[in-house]
Amino acid sequence: MLRSQSLYPAELRAHEHIVSFEQVSVSGNLEVEVKIRFDGDPEAARALVESRGFKVAEARLLETNIIFDRNSAELRRGDQLLRLRRTGNIARVTYKGPQQRGPYKSREEIEFDVSDVHAFELVLERLGYLPRFRYEKYRTTFAAPGEPGEVTVDETPIGIYLELEGPPQWIDATAQRLGFSARDYITASYTTLYEQYRQSHQDAAQDMIFAGDAHP
């Protein structure tokens, strides 16, 4: 982290917001995944995945996600996404590029952790990016030794979804292994799925959050 204190008067230095990137990890790759709707309870979903040889890689945790965009919906109109996700003590920022057409959800993904969420949100606000949508889910992540992908069980306010992320051939083989086929693939985001849900549930809240939750 580089900063020169001689450039600022003492009274300003006392109030400056500092975000440390010394412990921040940055990763970028091509995300390839599909969602599959599971008609059952979370316990049945987890039991199905485990019965096919997968083990828990990350225990069940609550994820709180906030989507940011400008008033003009610039990112949404460009099929891009800027998200802040909080899981326990970890805050992770994700950028997703335009989705490539095909049977899988495939798009560029860049992620990094931030040490000061408030300061990061201030930076976004100064740049014109404000919270537009919030969604929550409880996620359990599974993996199998030597396999190149992972399966997650997502408990959301609108139902249970399995998410398969990995190489296309692995996704197809794993879907069959779990009793599904390409006909069951969903490539829509949770934002889009919730918009569709609200069309038939007029009393649904604006954000996809569990009952009793309050905005941060």
# chains A, B, ... in the order shown; residues from 1 in each chain; ligands from 1
$ closest_atom_pairs --of "segment 39-128 of chain A" --to "segment 140-149 of chain A" --cutoff "6 Å" --atoms "only C-alpha atoms" --output "Markdown table"
| residue | atom | partner | partner_atom | distance |
| --- | --- | --- | --- | --- |
| A:Phe54 | CA | A:Ala144 | CA | 4.7 |
| A:Lys55 | CA | A:Phe142 | CA | 5.3 |
| A:Val56 | CA | A:Phe142 | CA | 4.5 |
| A:Ala57 | CA | A:Phe142 | CA | 5.0 |
| A:Glu58 | CA | A:Thr141 | CA | 4.9 |
| A:Ala59 | CA | A:Thr140 | CA | 5.4 |
| A:Arg60 | CA | A:Thr140 | CA | 4.3 |
$ write_last_selection --atoms "N, CA and C atoms" --output "compact mmCIF listing (two decimals), in the first residue's frame"
# COMPACT_ATOMS: atom_id res chain seq x y z
N PHE A 54 -19.70 -37.14 -3.47
CA PHE A 54 -19.18 -35.81 -3.15
C PHE A 54 -19.12 -35.61 -1.63
N LYS A 55 -18.10 -34.87 -1.20
CA LYS A 55 -17.93 -34.57 0.22
C LYS A 55 -18.03 -33.06 0.44
N VAL A 56 -18.42 -32.68 1.64
CA VAL A 56 -18.53 -31.25 1.96
C VAL A 56 -17.15 -30.61 1.91
N ALA A 57 -17.02 -29.59 1.06
CA ALA A 57 -15.76 -28.84 0.96
C ALA A 57 -15.86 -27.54 1.76
N GLU A 58 -17.04 -26.96 1.80
CA GLU A 58 -17.30 -25.75 2.61
C GLU A 58 -18.66 -25.93 3.27
N ALA A 59 -18.67 -25.84 4.59
CA ALA A 59 -19.91 -26.07 5.34
C ALA A 59 -20.95 -25.00 5.02
N ARG A 60 -22.17 -25.29 5.36
CA ARG A 60 -23.31 -24.39 5.11
C ARG A 60 -23.07 -23.02 5.74
$ select_by_dssp --residues "segment 51-181 of chain A" --states "strand (DSSP E or B)" --output "PyMOL selection string"
chain A and resi 55-69+81-87+90-96+100+105-113+130-143+150-156+159-165
$ atom_distance --atom1 "atom CA of Glu63 of chain A" --atom2 "atom CA of Gly179 of chain A"
27.0 Å
$ select_by_dssp --residues "segment 76-216 of chain A" --states "helix (DSSP H, G or I)" --output "ChimeraX atom specification"
/A:76-77,117-126,168-177,182-184,190-200
$ closest_residue --among "A:Asn29, A:Arg52, A:Tyr138, A:Arg76" --to "Ile110 of chain A" --atoms "only C-alpha atoms"
A:Asn29
$ residues_around --residues "Ala73 of chain A" --least-positions-apart "4" --cutoff "12 Å" --atoms "only C-alpha atoms" --output "ChimeraX atom specification"
/A:67-69,77-82,128-133
$ write_last_selection --atoms "C-alpha atoms" --output "JSON list (two decimals), in the first residue's frame"
[["chain", "number", "residue", "atom", "x", "y", "z"],
["A", 67, "ILE", "CA", -25.56, -5.88, -6.75],
["A", 68, "PHE", "CA", -24.31, -2.38, -7.66],
["A", 69, "ASP", "CA", -25.09, -0.32, -10.75],
["A", 77, "ARG", "CA", -27.86, -3.21, -19.94],
["A", 78, "GLY", "CA", -24.36, -4.36, -20.89],
["A", 79, "ASP", "CA", -24.97, -7.81, -19.35],
["A", 80, "GLN", "CA", -22.30, -7.15, -16.72],
["A", 81, "LEU", "CA", -22.40, -7.49, -12.95],
["A", 82, "LEU", "CA", -20.67, -5.87, -9.98],
["A", 128, "GLY", "CA", -21.95, 6.55, -9.17],
["A", 129, "TYR", "CA", -22.52, 2.87, -8.33],
["A", 130, "LEU", "CA", -25.25, 2.29, -5.75],
["A", 131, "PRO", "CA", -26.94, -0.84, -4.31],
["A", 132, "ARG", "CA", -29.67, -2.03, -6.70],
["A", 133, "PHE", "CA", -30.56, -5.53, -5.54]]
$ atom_distance --atom1 "atom CA of Val34 of chain A" --atom2 "atom CA of Leu164 of chain A"
5.5 Å
$ closest_residue --among "A:Gln100, A:Ser181, A:Gln169, A:Thr191" --to "Arg83 of chain A" --atoms "only C-alpha atoms"
A:Thr191
$ residues_around --residues "Arg177 of chain A" --least-positions-apart "3" --cutoff "12 Å" --atoms "only C-alpha atoms" --output "PyMOL selection string"
chain A and resi 48-54+151+164+170-174+180-181
$ closest_residue --among "A:Glu74, A:Asp207, A:Glu163, A:Glu43" --to "Tyr104 of chain A" --atoms "only C-alpha atoms"
A:Glu163
$ atom_distance --atom1 "atom CA of Ala44 of chain A" --atom2 "atom CA of Gly159 of chain A"
13.0 Å
$ residues_around --residues "Arg37 of chain A" --least-positions-apart "5" --cutoff "7 Å" --atoms "only C-alpha atoms" --output "list of chain:residue names"
A:Ile160, A:Tyr161, A:Leu162
